[in-house]
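Have a look at input00.txt; it's compact mmCIF, C-alpha atoms:
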```
# COMPACT_ATOMS: atom_id res chain seq x y z
CA PHE A 26 13.11 14.27 11.82
CA PRO A 27 16.36 15.08 13.70
CA VAL A 28 18.21 15.17 10.39
CA THR A 29 16.69 17.41 7.74
CA ILE A 30 16.15 16.37 4.15
CA CYS A 31 18.79 18.86 3.01
CA GLU A 32 21.36 17.29 5.32
CA LEU A 33 20.39 13.85 4.08
CA PHE A 34 21.58 14.65 0.55
CA MET A 35 24.80 16.34 1.65
CA GLY A 36 26.81 13.16 2.15
CA GLN A 37 27.11 9.59 3.34
CA GLU A 38 27.62 10.54 6.99
CA SER A 39 24.27 12.29 7.05
CA ILE A 40 22.56 9.23 5.56
CA VAL A 41 24.11 6.99 8.24
CA ALA A 42 23.12 9.42 10.96
CA PHE A 43 19.59 9.66 9.59
CA TRP A 44 19.24 5.87 9.58
CA LYS A 45 20.65 5.41 13.11
CA LEU A 46 18.45 8.08 14.63
CA ASN A 47 15.28 6.82 12.94
CA GLU A 48 16.04 3.12 12.56
CA PRO A 49 12.97 1.76 14.44
CA LEU A 50 10.55 3.90 12.44
CA LEU A 51 12.25 3.27 9.10
CA GLU A 52 12.44 -0.49 9.66
CA LEU A 53 8.78 -0.61 10.68
CA ARG A 54 7.68 1.25 7.54
CA LEU A 55 10.03 -0.74 5.31
CA VAL A 56 8.67 -4.05 6.63
CA HIS A 57 5.10 -2.81 6.21
CA ILE A 58 5.77 -1.86 2.57
CA LEU A 59 7.60 -5.12 1.77
CA LEU A 60 4.81 -7.24 3.23
CA SER A 61 2.13 -5.18 1.48
CA VAL A 62 3.92 -5.64 -1.85
CA GLY A 63 4.31 -9.39 -1.31
CA VAL A 64 0.75 -9.99 -0.07
CA GLY A 65 -0.82 -7.93 -2.88
CA PHE A 66 1.38 -9.61 -5.49
CA ALA A 67 0.51 -13.11 -4.28
CA LEU A 68 -3.22 -12.62 -3.72
CA ALA A 69 -3.75 -10.95 -7.10
CA THR A 70 -1.93 -13.83 -8.78
CA GLY A 71 -3.94 -16.42 -6.85
CA GLY A 72 -7.19 -14.64 -7.66
CA ARG A 73 -6.48 -14.57 -11.39
CA SER A 74 -5.50 -18.25 -11.39
CA MET A 75 -8.62 -19.29 -9.50
CA GLN A 76 -10.91 -17.31 -11.79
CA LEU A 77 -9.34 -18.93 -14.85
CA PHE A 78 -9.36 -22.42 -13.36
CA LEU A 79 -12.95 -22.34 -12.07
CA GLN A 80 -14.24 -20.22 -14.98
CA ASN A 81 -15.90 -18.06 -12.33
CA PRO A 82 -15.36 -14.27 -12.10
CA LEU A 83 -16.24 -14.35 -8.38
CA ALA A 84 -13.52 -16.84 -7.45
CA ASP A 85 -10.54 -15.87 -5.29
CA PRO A 86 -7.81 -17.70 -3.31
CA HIS A 87 -10.06 -17.89 -0.25
CA LEU A 88 -12.85 -19.72 -2.05
CA VAL A 89 -11.50 -23.23 -1.46
CA GLY A 90 -11.08 -22.61 2.28
CA LEU A 91 -7.27 -22.52 2.45
CA SER A 92 -7.10 -19.13 4.17
CA ALA A 93 -9.85 -20.15 6.58
CA GLY A 94 -7.95 -23.33 7.39
CA SER A 95 -4.72 -21.41 7.99
CA THR A 96 -6.48 -18.82 10.14
CA ALA A 97 -8.30 -21.48 12.16
CA SER A 98 -5.06 -23.34 12.81
CA VAL A 99 -3.32 -20.16 13.94
CA LEU A 100 -6.18 -19.14 16.25
CA ILE A 101 -6.47 -22.58 17.82
CA CYS A 102 -2.74 -22.55 18.59
CA LEU A 103 -2.89 -19.01 19.99
CA LEU A 104 -5.91 -19.69 22.19
CA PHE A 105 -5.28 -23.21 23.46
CA PHE A 106 -1.46 -23.32 23.41
CA PRO A 107 -0.32 -19.85 24.57
CA GLY A 108 3.35 -20.84 24.71
CA PHE A 109 3.21 -21.83 21.04
CA ALA A 110 2.97 -18.19 19.97
CA GLY A 111 6.48 -17.37 21.15
CA ALA A 112 8.12 -20.62 20.04
CA TYR A 113 10.56 -20.88 17.13
CA PHE A 114 11.83 -23.69 14.93
CA PHE A 115 15.53 -23.56 14.02
CA ASP A 116 15.70 -20.28 15.99
CA PHE A 117 14.23 -18.15 13.20
CA VAL A 118 10.97 -19.74 11.92
CA PRO A 119 8.02 -18.85 14.19
CA ALA A 120 5.96 -21.87 15.22
CA ILE A 121 2.81 -19.95 14.38
CA TRP A 122 3.86 -19.96 10.71
CA ILE A 123 4.17 -23.74 10.80
CA ALA A 124 0.63 -23.86 12.21
CA ALA A 125 -0.63 -21.72 9.30
CA PHE A 126 0.97 -23.98 6.69
CA LEU A 127 -0.30 -27.12 8.44
CA GLY A 128 -3.81 -25.64 8.50
CA ALA A 129 -3.71 -24.98 4.75
CA LEU A 130 -2.29 -28.46 4.03
CA THR A 131 -4.97 -30.06 6.21
CA THR A 132 -7.65 -28.23 4.25
CA VAL A 133 -6.20 -29.45 0.94
CA ALA A 134 -6.02 -33.00 2.29
CA LEU A 135 -9.66 -32.72 3.40
CA ILE A 136 -10.69 -31.58 -0.07
CA GLN A 137 -8.68 -34.26 -1.86
CA LEU A 138 -9.58 -37.21 0.39
CA ILE A 139 -13.24 -36.61 1.21
CA PHE A 140 -14.44 -34.88 -1.94
CA TRP A 141 -12.16 -36.51 -4.54
CA GLY A 142 -14.98 -38.59 -5.99
CA LEU A 143 -17.21 -35.53 -6.38
CA ILE A 144 -14.44 -33.56 -8.11
CA ARG A 145 -13.68 -36.41 -10.51
CA ARG A 146 -17.35 -36.89 -11.35
CA TRP A 147 -18.40 -33.28 -11.86
CA GLY A 148 -15.14 -31.72 -13.02
CA VAL A 149 -13.19 -28.65 -11.90
CA ALA A 150 -16.32 -26.56 -11.35
CA SER A 151 -17.21 -28.79 -8.38
CA LEU A 152 -14.03 -27.59 -6.64
CA ALA A 153 -15.81 -24.27 -6.00
CA VAL A 154 -18.75 -26.09 -4.37
CA VAL A 155 -16.39 -28.21 -2.29
CA GLY A 156 -14.42 -25.10 -1.28
CA VAL A 157 -17.56 -23.28 -0.18
CA MET A 158 -18.59 -26.30 1.92
CA VAL A 159 -15.19 -26.57 3.59
CA ASN A 160 -15.02 -22.80 4.09
CA ALA A 161 -18.46 -22.78 5.71
CA GLY A 162 -17.49 -25.64 8.04
CA ILE A 163 -14.29 -23.92 9.15
CA SER A 164 -16.10 -20.59 9.59
CA ALA A 165 -18.68 -22.32 11.80
CA LEU A 166 -15.84 -23.76 13.90
CA LEU A 167 -14.31 -20.29 14.26
CA MET A 168 -17.66 -18.79 15.30
CA LEU A 169 -18.00 -21.51 17.95
CA ILE A 170 -14.55 -20.66 19.28
CA PHE A 171 -15.26 -16.91 19.27
CA ALA A 172 -18.51 -17.42 21.19
CA ARG A 173 -16.55 -18.91 24.08
CA LEU A 174 -13.82 -16.27 24.19
CA SER A 175 -13.51 -13.49 26.71
CA PRO A 176 -13.49 -9.90 25.34
CA THR A 177 -9.75 -9.66 26.01
CA ALA A 178 -8.94 -12.84 24.11
CA LEU A 179 -11.29 -11.84 21.29
CA SER A 180 -9.48 -8.54 20.81
CA GLN A 181 -6.17 -10.42 20.51
CA VAL A 182 -7.34 -12.52 17.56
CA GLN A 183 -9.30 -9.90 15.62
CA ALA A 184 -6.27 -8.87 13.55
CA TRP A 185 -6.02 -12.42 12.18
CA THR A 186 -9.67 -12.61 11.18
CA LEU A 187 -10.25 -9.05 9.94
CA GLY A 188 -6.97 -8.78 8.06
CA ALA A 189 -4.16 -6.31 8.76
CA ILE A 190 -0.43 -6.24 8.05
CA GLN A 191 1.09 -7.81 11.14
CA PRO A 192 4.06 -6.19 12.92
CA HIS A 193 7.03 -8.30 11.85
CA SER A 194 10.79 -7.91 11.86
CA LEU A 195 12.78 -7.29 8.70
CA ARG A 196 14.12 -10.84 8.97
CA ALA A 197 10.59 -12.25 9.02
CA ALA A 198 9.64 -10.20 5.97
CA ALA A 199 12.74 -11.50 4.19
CA LEU A 200 11.42 -15.04 4.75
CA LEU A 201 7.76 -14.48 3.89
CA VAL A 202 8.04 -12.27 0.81
CA PRO A 203 10.27 -14.69 -1.22
CA LEU A 204 7.82 -17.51 -0.41
CA MET A 205 4.96 -15.44 -1.84
CA ILE A 206 6.98 -14.48 -4.92
CA MET A 207 8.04 -18.08 -5.64
CA ALA A 208 4.47 -19.39 -5.29
CA SER A 209 3.25 -16.58 -7.54
CA HIS A 210 5.93 -17.48 -10.10
CA LEU A 211 4.63 -21.06 -10.13
CA LEU A 212 1.11 -19.79 -10.88
CA HIS A 213 2.48 -17.49 -13.59
CA ARG A 214 4.05 -20.56 -15.21
CA LEU A 215 0.59 -22.17 -15.20
CA ASP A 216 -1.15 -19.13 -16.65
CA ARG A 217 -1.15 -20.28 -20.29
CA SER A 218 -2.50 -23.72 -19.35
CA LEU A 219 -5.15 -22.13 -17.14
CA ARG A 220 -6.25 -19.86 -20.00
CA ILE A 221 -6.66 -22.91 -22.22
CA LEU A 222 -8.47 -24.71 -19.40
CA SER A 223 -10.91 -21.79 -19.10
CA PHE A 224 -12.45 -22.99 -22.40
CA GLY A 225 -13.36 -26.31 -20.79
CA SER A 226 -11.70 -29.49 -19.56
CA GLU A 227 -12.29 -31.42 -22.78
CA PHE A 228 -10.78 -28.63 -24.88
CA ALA A 229 -7.77 -28.50 -22.53
CA ARG A 230 -7.21 -32.26 -22.74
CA SER A 231 -7.41 -32.13 -26.54
CA ASN A 232 -4.57 -29.57 -26.42
CA GLY A 233 -2.37 -31.79 -24.27
CA ILE A 234 -3.14 -30.22 -20.87
CA ASP A 235 -3.03 -32.61 -17.91
CA VAL A 236 -5.95 -31.21 -15.89
CA ALA A 237 -5.17 -33.25 -12.76
CA GLN A 238 -1.55 -32.07 -12.74
CA ILE A 239 -2.60 -28.45 -13.25
CA ARG A 240 -5.06 -28.76 -10.35
CA SER A 241 -2.40 -30.24 -8.06
CA CYS A 242 0.17 -27.54 -8.94
CA LEU A 243 -2.47 -24.83 -8.53
CA LEU A 244 -3.50 -26.11 -5.09
CA PHE A 245 0.14 -26.35 -4.00
CA GLY A 246 0.78 -22.75 -5.07
CA LEU A 247 -2.40 -21.60 -3.32
CA VAL A 248 -1.39 -23.41 -0.12
CA VAL A 249 1.87 -21.45 0.02
CA ILE A 250 0.18 -18.17 -0.94
CA CYS A 251 -2.69 -18.47 1.55
CA ALA A 252 -0.51 -19.65 4.44
CA ALA A 253 2.16 -16.98 3.83
CA THR A 254 -0.38 -14.17 3.44
CA VAL A 255 -2.20 -15.27 6.61
CA CYS A 256 1.15 -15.14 8.47
CA ALA A 257 1.84 -11.67 7.08
CA ALA A 258 -1.58 -10.02 7.11
CA GLY A 259 -4.28 -12.30 8.43
CA SER A 260 -7.27 -12.94 6.21
CA VAL A 261 -7.17 -10.23 3.50
CA GLY A 262 -9.90 -11.13 1.02
CA PHE A 263 -10.62 -8.26 -1.33
CA VAL A 264 -7.35 -8.20 -3.33
CA GLY A 265 -7.72 -11.61 -4.95
CA LEU A 266 -11.27 -10.85 -6.03
CA LEU A 267 -10.97 -7.20 -7.11
CA VAL A 268 -7.56 -6.85 -8.75
CA PRO A 269 -7.98 -9.42 -11.56
CA HIS A 270 -11.05 -7.51 -12.75
CA LEU A 271 -9.16 -4.21 -12.61
CA SER A 272 -6.21 -5.63 -14.54
CA ARG A 273 -8.48 -7.04 -17.24
CA ARG A 274 -10.06 -3.62 -17.60
CA PHE A 275 -6.80 -1.67 -17.83
CA PHE A 276 -4.76 -4.25 -19.76
CA SER A 277 -7.38 -5.69 -22.10
CA ASP A 278 -5.51 -4.94 -25.35
CA ASP A 279 -4.00 -7.88 -27.21
CA HIS A 280 -0.43 -6.61 -26.91
CA PHE A 281 -0.67 -7.00 -23.11
CA GLU A 282 -1.64 -10.69 -23.40
CA GLU A 283 1.85 -12.07 -22.73
CA TYR A 284 2.43 -9.86 -19.69
CA ARG A 285 -1.11 -9.69 -18.29
CA ALA A 286 -0.45 -12.11 -15.41
CA LYS A 287 2.59 -10.14 -14.22
CA LEU A 288 0.83 -6.78 -14.67
CA ASN A 289 -2.07 -8.16 -12.64
CA ALA A 290 0.33 -9.12 -9.82
CA LEU A 291 2.02 -5.68 -9.87
CA MET A 292 -1.38 -4.02 -9.70
CA GLY A 293 -2.19 -6.13 -6.64
CA SER A 294 0.95 -4.84 -4.92
CA ILE A 295 0.09 -1.24 -5.79
CA VAL A 296 -3.50 -1.59 -4.54
CA LEU A 297 -2.48 -3.02 -1.18
CA VAL A 298 0.35 -0.54 -0.63
CA VAL A 299 -1.91 2.41 -1.44
```
Could I get this structure in the form of structure tokens?
Amino acid sequence: FPVTICELFMGQESIVAFWKLNEPLLELRLVHILLSVGVGFALATGGRSMQLFLQNPLADPHLVGLSAGSTASVLICLLFFPGFAGAYFFDFVPAIWIAAFLGALTTVALIQLIFWGLIRRWGVASLAVVGVMVNAGISALLMLIFARLSPTALSQVQAWTLGAIQPHSLRAAALLVPLMIMASHLLHRLDRSLRILSFGSEFARSNGIDVAQIRSCLLFGLVVICAATVCAAGSVGFVGLLVPHLSRRFFSDDHFEEYRAKLNALMGSIVLVV
């Protein structure tokens, strides 16, 4: 660096000079770290909530197809409406983010409207089956789109499907990260009810848990998490599946019970940053 580490600690002028000379690099790395922390925090929280709700250790936020719906919506806009990629709402919200949220909301509406009877009849476990069906349908649609793309266009959309922290401005990170944290906080508030629900729907109802309300709040939180993480990093799948198992292994003692959800989220941030 133009300014040495020794000079950096000599005074405020050196710190200002260091920042001005290296501002593009520092801002790029700062945004990358902030987004990694937010994405890891949110996906780990969503993964834990889904595993408790579905009583399935292989569940993660992507299981119900929300991330696939967000990704499909983004890719369709990028490929068929090229001008949409550079458009903004209110001069600071990228239109592509709106597409991601609309894709996730459309997926939830599809699940609720078409498969509502199946979910009511067979209980919360059927949500996993419904999610797999919706996910498979959206994945088939994406494969059909990819088969018709040129190699140049395919290379442009790979980051969204493979998963990578997207290059964003500091302002964009300041919008996305609070969304992820607020949605994660909502799921943390549901954690006790989800732990009770993990013993079965009938047991949860006998303890005063409104299963339908919990499901609606969970899906709303997952919509925000999946759409925001797709905007920030594309489809990153391993954090929501892996981190809850790691946190249960490292924080299995009873005195961690009250803080296990938050420790799980912090571990998700650490895993993705590292």
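Taking all atoms listed in the file into account, Leu204 in chain A lies nearest to A:Phe66 out of the set A:Ser241, A:Phe66, A:Phe117, A:Ser272.
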Checklist outcome for this item: Shortest contact to Leu127 in chain A, candidates A:His270, A:Met292, A:Leu100, A:Ser95, atoms counted only C-alpha atoms, goes to A:Ser95
Checklist entry - Any idea what the distance is between CA of Ala252 in chain A and CA of Asp85 in chain A? => result 14.5 Å
Checklist outcome for this item: One residue among A:Val56, A:Val62, A:Ala112, A:Leu243 is nearest to Ala290 in chain A when using all atoms listed in the file, and that residue is A:Val62
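For the set A:Gly225, A:Gly265, A:Gly94, A:Gly63, the residue with the smallest atom-to-atom gap to Ala125 in chain A is A:Gly94, counting all atoms listed in the file.
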Next on the checklist: Just the number, please: distance in Å from CA of Arg240 in chain A to CA of His213 in chain A, one decimal.
Outcome noted: 13.9 Å
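Residue nearest Leu60 in chain A within the list A:Val255, A:Ala286, A:Val99, A:Val182: A:Val255 [criterion: smallest interatomic distance, only C-alpha atoms].
Between CA of Leu79 in chain A and CA of Ser218 in chain A lies a distance of 12.8 Å.
Take the candidates A:Ala257, A:Leu169, A:Val133, A:Val299 and check each one against Cys242 in chain A using all atoms listed in the file; the shortest distance goes to A:Val133.
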Next on the checklist: Can you tell me which residues surround Thr70 in chain A at a distance of at most 12 Å, considering all atoms listed in the file, apart from same-chain residues fewer than 3 positions away, and format the answer as JSON, numbers by chain?
Outcome noted: {"A": [63, 64, 65, 66, 67, 73, 74, 75, 76, 77, 85, 86, 205, 206, 207, 208, 209, 210, 211, 212, 213, 214, 215, 216, 243, 246, 247, 250, 251, 264, 265, 266, 267, 268, 269, 270, 272, 285, 286, 287, 288, 289, 290, 291, 292, 293, 294]}
Next on the checklist: So that I can check the surroundings of Ala134 in chain A, please list as an NGL selection string every protein, DNA and RNA residue that reaches within 12 Å of it, counting all atoms listed in the file and ignoring chain neighbours fewer than 2 positions away.
Outcome noted: :A and (89-91 or 94 or 127-132 or 136-141 or 159 or 241 or 244-245 or 248)
Would you save the residues of that selection, restricted to C-alpha atoms, as an mmCIF file, in the frame of the given file?
```cif
data_model
loop_
_atom_site.group_PDB
_atom_site.id
_atom_site.type_symbol
_atom_site.label_atom_id
_atom_site.label_comp_id
_atom_site.auth_asym_id
_atom_site.auth_seq_id
_atom_site.Cartn_x
_atom_site.Cartn_y
_atom_site.Cartn_z
ATOM 1 C CA VAL A 89 -11.500 -23.230 -1.460
ATOM 2 C CA GLY A 90 -11.080 -22.610 2.280
ATOM 3 C CA LEU A 91 -7.270 -22.520 2.450
ATOM 4 C CA GLY A 94 -7.950 -23.330 7.390
ATOM 5 C CA LEU A 127 -0.300 -27.120 8.440
ATOM 6 C CA GLY A 128 -3.810 -25.640 8.500
ATOM 7 C CA ALA A 129 -3.710 -24.980 4.750
ATOM 8 C CA LEU A 130 -2.290 -28.460 4.030
ATOM 9 C CA THR A 131 -4.970 -30.060 6.210
ATOM 10 C CA THR A 132 -7.650 -28.230 4.250
ATOM 11 C CA ILE A 136 -10.690 -31.580 -0.070
ATOM 12 C CA GLN A 137 -8.680 -34.260 -1.860
ATOM 13 C CA LEU A 138 -9.580 -37.210 0.390
ATOM 14 C CA ILE A 139 -13.240 -36.610 1.210
ATOM 15 C CA PHE A 140 -14.440 -34.880 -1.940
ATOM 16 C CA TRP A 141 -12.160 -36.510 -4.540
ATOM 17 C CA VAL A 159 -15.190 -26.570 3.590
ATOM 18 C CA SER A 241 -2.400 -30.240 -8.060
ATOM 19 C CA LEU A 244 -3.500 -26.110 -5.090
ATOM 20 C CA PHE A 245 0.140 -26.350 -4.000
ATOM 21 C CA VAL A 248 -1.390 -23.410 -0.120
#
```
